[in-house]
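One file, protein.csv, carrying CSV, C-alpha atoms:
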```csv
chain,number,residue,atom,x,y,z
G,1,ALA,CA,3.5,-223.5,76.5
G,2,TRP,CA,5.1,-226.0,74.2
G,3,TRP,CA,8.3,-226.1,76.3
G,4,GLY,CA,9.0,-224.9,79.9
G,5,PRO,CA,9.4,-225.9,83.5
G,6,GLY,CA,7.2,-228.8,84.5
G,7,VAL,CA,6.1,-229.4,80.9
G,8,GLU,CA,6.7,-232.9,79.5
G,9,ARG,CA,6.4,-233.5,75.8
G,10,VAL,CA,7.1,-236.2,73.2
G,11,VAL,CA,9.9,-234.6,71.3
G,12,GLY,CA,10.0,-237.1,68.4
G,13,ALA,CA,9.4,-240.7,67.2
G,14,HIS,CA,11.0,-243.3,65.0
G,15,ARG,CA,9.6,-246.3,63.3
G,16,GLU,CA,11.8,-248.7,65.3
G,17,ALA,CA,13.8,-248.7,68.5
G,18,VAL,CA,15.5,-245.4,69.4
G,19,SER,CA,19.0,-246.4,70.4
G,20,CYS,CA,20.8,-243.0,70.7
G,21,VAL,CA,19.9,-239.5,71.9
G,22,GLU,CA,22.3,-236.6,72.0
G,23,TYR,CA,22.3,-232.9,72.8
G,24,ASP,CA,24.9,-230.3,71.9
G,25,GLY,CA,24.2,-227.2,73.9
G,26,GLU,CA,27.1,-225.2,72.6
G,27,ASN,CA,26.8,-225.7,68.8
G,28,ALA,CA,23.1,-226.6,68.3
G,29,PRO,CA,21.4,-225.4,71.5
G,30,ASN,CA,17.8,-225.8,70.3
G,31,MET,CA,18.1,-229.3,68.9
G,32,VAL,CA,17.9,-232.9,70.2
G,33,PHE,CA,19.4,-235.6,67.9
G,34,SER,CA,18.1,-239.1,67.9
G,35,ALA,CA,19.2,-242.2,65.9
G,36,SER,CA,17.4,-245.5,65.6
G,37,TYR,CA,17.3,-249.1,64.3
G,38,ASP,CA,15.1,-247.7,61.5
G,39,ARG,CA,18.4,-246.4,60.0
G,40,THR,CA,17.7,-242.7,60.4
G,41,LEU,CA,19.3,-239.8,62.3
G,42,LYS,CA,16.8,-237.0,63.1
G,43,ALA,CA,17.1,-233.5,64.5
G,44,TRP,CA,14.2,-232.2,66.6
G,45,ASP,CA,13.6,-228.5,67.1
G,46,LEU,CA,12.7,-227.8,70.7
G,47,ARG,CA,11.4,-224.3,70.0
G,48,ALA,CA,8.1,-225.2,68.3
G,49,PRO,CA,5.6,-228.1,68.0
G,50,GLY,CA,5.2,-230.1,64.9
G,51,GLY,CA,2.3,-232.2,63.8
G,52,GLY,CA,0.4,-234.2,66.3
G,53,ASP,CA,2.0,-234.6,69.7
G,54,CYS,CA,5.6,-234.5,68.5
G,55,GLY,CA,8.2,-231.8,68.1
G,56,ARG,CA,9.1,-230.5,64.7
G,57,CYS,CA,11.5,-232.7,62.8
G,58,ALA,CA,14.1,-230.2,61.4
G,59,ALA,CA,16.1,-232.8,59.5
G,60,SER,CA,16.1,-236.6,58.8
G,61,THR,CA,19.2,-238.3,57.4
G,62,SER,CA,19.4,-241.9,56.2
G,63,LEU,CA,22.1,-244.1,57.8
G,64,PRO,CA,23.8,-247.1,56.1
G,65,GLY,CA,22.8,-249.3,59.1
G,66,LYS,CA,21.0,-249.6,62.4
G,67,ALA,CA,22.4,-247.1,64.9
G,68,PHE,CA,23.9,-248.8,67.9
G,69,THR,CA,25.9,-246.1,69.8
G,70,SER,CA,26.6,-242.4,69.6
G,71,ASP,CA,28.5,-239.5,71.2
G,72,VAL,CA,29.0,-235.7,70.8
G,73,ALA,CA,32.4,-234.1,71.2
G,74,ASN,CA,33.4,-230.6,70.2
G,75,GLY,CA,30.5,-230.1,67.8
G,76,VAL,CA,30.9,-233.5,66.1
G,77,LEU,CA,28.3,-236.3,66.5
G,78,PHE,CA,29.8,-239.7,66.2
G,79,LEU,CA,27.7,-242.8,65.3
G,80,GLY,CA,28.4,-246.5,65.3
G,81,ALA,CA,26.0,-248.5,63.2
G,82,SER,CA,25.6,-252.1,62.1
G,83,ASP,CA,28.0,-253.7,59.6
G,84,ARG,CA,30.8,-251.8,61.5
G,85,GLN,CA,29.9,-248.5,59.9
G,86,ILE,CA,31.3,-245.4,61.6
G,87,LEU,CA,29.8,-242.0,60.8
G,88,ALA,CA,30.4,-238.5,62.1
G,89,TYR,CA,28.5,-235.2,61.4
G,90,LYS,CA,29.1,-231.7,62.5
G,91,THR,CA,26.0,-230.9,64.6
G,92,SER,CA,25.7,-227.5,63.1
G,93,ASP,CA,25.5,-229.1,59.6
G,94,ILE,CA,22.9,-231.8,60.3
G,95,ILE,CA,19.9,-229.5,60.0
G,96,SER,CA,21.0,-228.3,56.5
G,97,GLY,CA,21.6,-231.8,55.3
G,98,GLY,CA,25.4,-231.6,55.5
G,99,ARG,CA,27.5,-234.6,54.4
G,100,PRO,CA,29.2,-236.7,57.1
G,101,VAL,CA,32.8,-235.9,57.9
G,102,ILE,CA,33.3,-239.7,58.5
G,103,ASN,CA,31.5,-242.4,56.5
G,104,ARG,CA,33.5,-245.6,56.5
G,105,GLN,CA,33.8,-249.1,58.1
G,106,SER,CA,35.7,-249.5,61.3
G,107,SER,CA,39.1,-251.1,60.9
G,108,MET,CA,38.0,-253.8,63.3
G,109,ARG,CA,36.4,-257.1,62.2
G,110,PHE,CA,33.6,-257.3,64.7
G,111,GLN,CA,30.5,-255.4,65.7
G,112,THR,CA,30.9,-252.0,67.3
G,113,ARG,CA,29.8,-251.8,70.9
G,114,CYS,CA,30.6,-248.2,71.8
G,115,VAL,CA,32.0,-245.0,70.3
G,116,ARG,CA,33.4,-242.0,72.1
G,117,GLY,CA,34.8,-238.8,70.5
G,118,ASN,CA,38.0,-237.3,71.7
G,119,PRO,CA,37.2,-233.9,73.5
G,120,ARG,CA,38.9,-232.1,70.6
G,121,GLY,CA,36.5,-233.8,68.1
G,122,ASP,CA,39.4,-234.9,65.8
G,123,SER,CA,39.4,-238.6,66.7
G,124,VAL,CA,37.1,-241.4,67.9
G,125,VAL,CA,37.7,-244.4,70.1
G,126,ILE,CA,35.7,-247.5,68.9
G,127,ALA,CA,35.1,-250.4,71.2
G,128,SER,CA,34.1,-253.8,69.8
G,129,VAL,CA,32.3,-256.9,71.1
G,130,GLU,CA,35.6,-258.9,70.5
G,131,GLY,CA,37.8,-257.4,73.3
G,132,ARG,CA,39.5,-254.9,71.1
G,133,VAL,CA,39.6,-251.1,70.8
G,134,ALA,CA,40.5,-248.9,67.9
G,135,VAL,CA,41.6,-245.2,67.7
G,136,GLU,CA,40.6,-243.6,64.4
G,137,TYR,CA,40.8,-240.1,63.1
G,138,VAL,CA,38.3,-237.8,61.4
G,139,ALA,CA,40.7,-236.7,58.6
G,140,ASP,CA,41.1,-239.5,56.1
G,141,ASP,CA,44.8,-238.9,55.4
G,142,ARG,CA,45.7,-238.9,59.1
G,143,ASN,CA,43.5,-241.9,59.7
G,144,GLU,CA,45.4,-243.9,57.0
G,145,ARG,CA,48.7,-243.0,58.7
G,146,GLU,CA,48.0,-243.2,62.4
G,147,ARG,CA,44.9,-245.3,63.2
G,148,TYR,CA,45.6,-248.3,65.4
G,149,ALA,CA,43.8,-251.0,67.4
G,150,PHE,CA,44.8,-253.0,70.4
G,151,LYS,CA,43.5,-256.0,72.4
G,152,CYS,CA,42.1,-255.6,75.9
G,153,HIS,CA,39.6,-257.1,78.4
G,154,ARG,CA,40.8,-260.7,77.9
G,155,LYS,CA,42.1,-263.4,80.1
G,156,THR,CA,43.8,-266.8,79.7
G,157,ASP,CA,42.0,-269.8,81.2
G,158,PRO,CA,44.3,-272.8,81.6
G,159,ALA,CA,41.4,-275.1,80.7
G,160,THR,CA,39.8,-273.3,77.8
G,161,GLY,CA,42.5,-270.9,76.5
G,162,GLU,CA,41.9,-267.3,75.9
G,163,VAL,CA,38.6,-265.8,77.0
G,164,ILE,CA,37.6,-262.7,75.1
G,165,TYR,CA,35.1,-260.2,76.6
G,166,PRO,CA,33.2,-257.4,74.9
G,167,VAL,CA,34.2,-253.8,75.6
G,168,HIS,CA,31.0,-252.2,76.7
G,169,ALA,CA,32.0,-248.7,77.7
G,170,VAL,CA,34.5,-245.9,77.0
G,171,SER,CA,34.8,-242.5,78.6
G,172,PHE,CA,37.3,-239.7,78.0
G,173,HIS,CA,39.0,-237.9,80.9
G,174,PRO,CA,39.4,-234.1,80.5
G,175,LEU,CA,43.2,-234.6,80.1
G,176,GLY,CA,42.6,-236.7,76.9
G,177,THR,CA,43.2,-240.1,78.4
G,178,PHE,CA,40.3,-242.6,78.3
G,179,ALA,CA,38.9,-245.5,80.3
G,180,THR,CA,37.4,-248.7,79.0
G,181,GLY,CA,35.0,-251.1,80.8
G,182,GLY,CA,34.5,-254.7,79.8
G,183,GLY,CA,32.6,-257.8,80.4
G,184,ASP,CA,35.6,-259.1,82.5
G,185,GLY,CA,34.6,-256.6,85.2
G,186,TYR,CA,37.7,-254.5,84.8
G,187,VAL,CA,38.2,-250.8,84.1
G,188,ASN,CA,41.4,-249.8,82.3
G,189,ILE,CA,42.7,-246.3,81.8
G,190,TRP,CA,44.7,-245.7,78.6
G,191,ASP,CA,47.0,-243.0,77.2
G,192,GLY,CA,46.0,-243.1,73.5
G,193,ALA,CA,48.9,-240.9,72.4
G,194,ALA,CA,51.6,-243.1,74.0
G,195,LYS,CA,49.6,-246.3,73.3
G,196,LYS,CA,50.0,-247.5,76.9
G,197,ARG,CA,47.8,-248.6,79.7
G,198,LEU,CA,48.2,-246.2,82.7
G,199,PHE,CA,46.1,-248.0,85.3
G,200,GLN,CA,43.8,-250.9,86.0
G,201,CYS,CA,41.1,-250.6,88.7
G,202,PRO,CA,40.5,-253.6,91.0
G,203,ARG,CA,37.9,-255.9,89.5
G,204,TYR,CA,34.2,-255.1,89.9
G,205,PRO,CA,31.8,-257.9,90.9
G,206,THR,CA,30.5,-258.4,87.3
G,207,SER,CA,30.5,-256.8,83.9
G,208,VAL,CA,31.2,-253.0,83.6
G,209,ALA,CA,28.2,-252.0,81.5
G,210,SER,CA,28.8,-248.2,81.5
G,211,LEU,CA,31.2,-245.6,82.9
G,212,ALA,CA,31.7,-241.9,82.9
G,213,PHE,CA,34.3,-239.4,84.2
G,214,SER,CA,32.9,-236.3,86.0
G,215,PRO,CA,33.4,-233.0,84.1
G,216,CYS,CA,36.3,-232.0,86.4
G,217,GLY,CA,37.9,-235.5,86.0
G,218,THR,CA,38.2,-236.1,89.8
G,219,MET,CA,35.7,-239.0,89.9
G,220,LEU,CA,34.7,-242.0,87.7
G,221,ALA,CA,31.2,-243.5,87.9
G,222,VAL,CA,31.1,-247.2,87.1
G,223,ALA,CA,28.0,-249.3,86.5
G,224,SER,CA,28.5,-252.9,87.4
G,225,SER,CA,25.7,-254.9,85.8
G,226,TYR,CA,25.9,-258.4,84.2
G,227,ALA,CA,25.5,-258.1,80.4
G,228,GLN,CA,24.8,-261.7,79.6
G,229,GLU,CA,28.2,-262.5,78.1
G,230,GLU,CA,28.0,-266.0,79.6
G,231,ARG,CA,24.3,-266.5,79.2
G,232,GLU,CA,22.1,-267.1,82.2
G,233,LYS,CA,23.8,-267.6,85.6
G,234,ASN,CA,23.6,-266.3,89.1
G,235,THR,CA,25.1,-262.8,89.2
G,236,PRO,CA,25.7,-260.1,91.8
G,237,HIS,CA,23.2,-257.3,92.2
G,238,ASP,CA,23.5,-254.3,89.8
G,239,ARG,CA,25.5,-251.6,91.5
G,240,LEU,CA,26.8,-248.1,90.8
G,241,TYR,CA,30.3,-247.2,92.1
G,242,ILE,CA,32.0,-243.8,92.3
G,243,ARG,CA,35.8,-244.0,92.2
G,244,VAL,CA,37.7,-240.9,93.4
G,245,ILE,CA,40.8,-240.4,91.3
G,246,GLY,CA,43.3,-240.2,94.2
G,247,ASP,CA,46.5,-240.3,92.1
G,248,ASP,CA,47.0,-238.1,89.0
G,249,ALA,CA,49.2,-240.8,87.6
G,250,GLU,CA,46.1,-242.8,86.9
G,251,VAL,CA,44.8,-240.4,84.3
G,252,THR,CA,47.7,-238.1,83.3
G,253,PRO,CA,49.2,-238.7,79.8
G,254,LYS,CA,52.8,-239.9,79.9
G,255,ALA,CA,54.1,-236.9,77.9
G,256,ALA,CA,52.5,-234.4,80.4
G,257,ALA,CA,53.8,-236.4,83.4
G,258,ALA,CA,57.3,-236.4,81.9
G,259,ALA,CA,57.2,-232.7,81.2
G,260,ALA,CA,56.1,-231.9,84.8
G,261,ALA,CA,58.8,-234.1,86.2
G,262,ALA,CA,61.4,-232.3,84.1
G,263,LYS,CA,60.6,-228.9,85.6
```
Kindly present the structure from the file in structure tokens form.
Amino acid sequence: AWWGPGVERVVGAHREAVSCVEYDGENAPNMVFSASYDRTLKAWDLRAPGGGDCGRCAASTSLPGKAFTSDVANGVLFLGASDRQILAYKTSDIISGGRPVINRQSSMRFQTRCVRGNPRGDSVVIASVEGRVAVEYVADDRNERERYAFKCHRKTDPATGEVIYPVHAVSFHPLGTFATGGGDGYVNIWDGAAKKRLFQCPRYPTSVASLAFSPCGTMLAVASSYAQEEREKNTPHDRLYIRVIGDDAEVTPKAAAAAAAAK
């Protein structure tokens, strides 16, 4: 069988490094999407083999830059590419060669490190290497009115001044708030609608390289792994932490908390 339990296959290939792989089981259940440094986004059909040892490439789309980061939210595939390019495609349209619903440069001045789509799929959080995060919207008119960016994951050193760390990771909570993890070892949880920080976790031993909320939102997985922000040095061992969300105030949007208190 081409696909089934215990069967391992090469699904696809790119000419250069594959940096992103996504799956959208609800809107494109038979497809795997991959993006690469070769400046292409490809859709691979899992139902049938293609030529040679690979699956069938159902679609290949040229990108304006090297793909660095991606996410799927509510049927929309978001991509962050070189030269600060931000793109988004409806996963159901990629196979038919549909045009991107976003194709523009990020409002920030420095390289994109991570993108994560809002669970509704109508906005995207963009993290940069320069200690800054932007919230941008899919609809161009709303984006012009409401997009914003803010500084984070920085510290003041009395000897050297401000130290700026990259923001490596972003994860949305089911309630719509989101967490960021940075090279400073901190995880911050934000209410994007209120433009406020809700909570800061105690510092982890080294850089927060990745993080993810559980689907139910009761736990946060944090990968603490040095990301070479300060070049070679002695660093703690790589570790994975699971934080149990013990207080709803850590993740509940301020508007929802106020409404609950008013009842």
Distance criterion (all atoms listed in the file): nearest to Asp122 of chain G out of G:Ala59, G:Val72, G:Ala149, G:Ser207: G:Val72
Near-segment 153-157 of chain G list (9 Å; all atoms listed in the file; drop same-chain fewer than 3 positions) as an NGL selection string: :G and (131-132 or 160-167 or 180-188)
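Closest approach to Ser96 of chain G from the set G:Asn74, G:Thr206, G:Ser60, G:Thr112 is made by G:Ser60, with distances taken over only C-alpha atoms.
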Contact residues around Val115 of chain G with only C-alpha atoms at 12 Å, ignoring same-chain residues under 4 positions, as a ChimeraX atom specification: /G:20,67-73,77-81,84-88,106,111,123-129,133-136,167-172,178,180
Take every atom of segment 77-96 of chain G listed in the file, pad by 8 Å on each side, and give me the axis-aligned box centre and edge lengths in Å, one decimal, as lines of an AutoDock Vina configuration file.
```
center_x = 25.6
center_y = -240.6
center_z = 61.5
size_x = 27.4
size_y = 42.2
size_z = 26.0
```
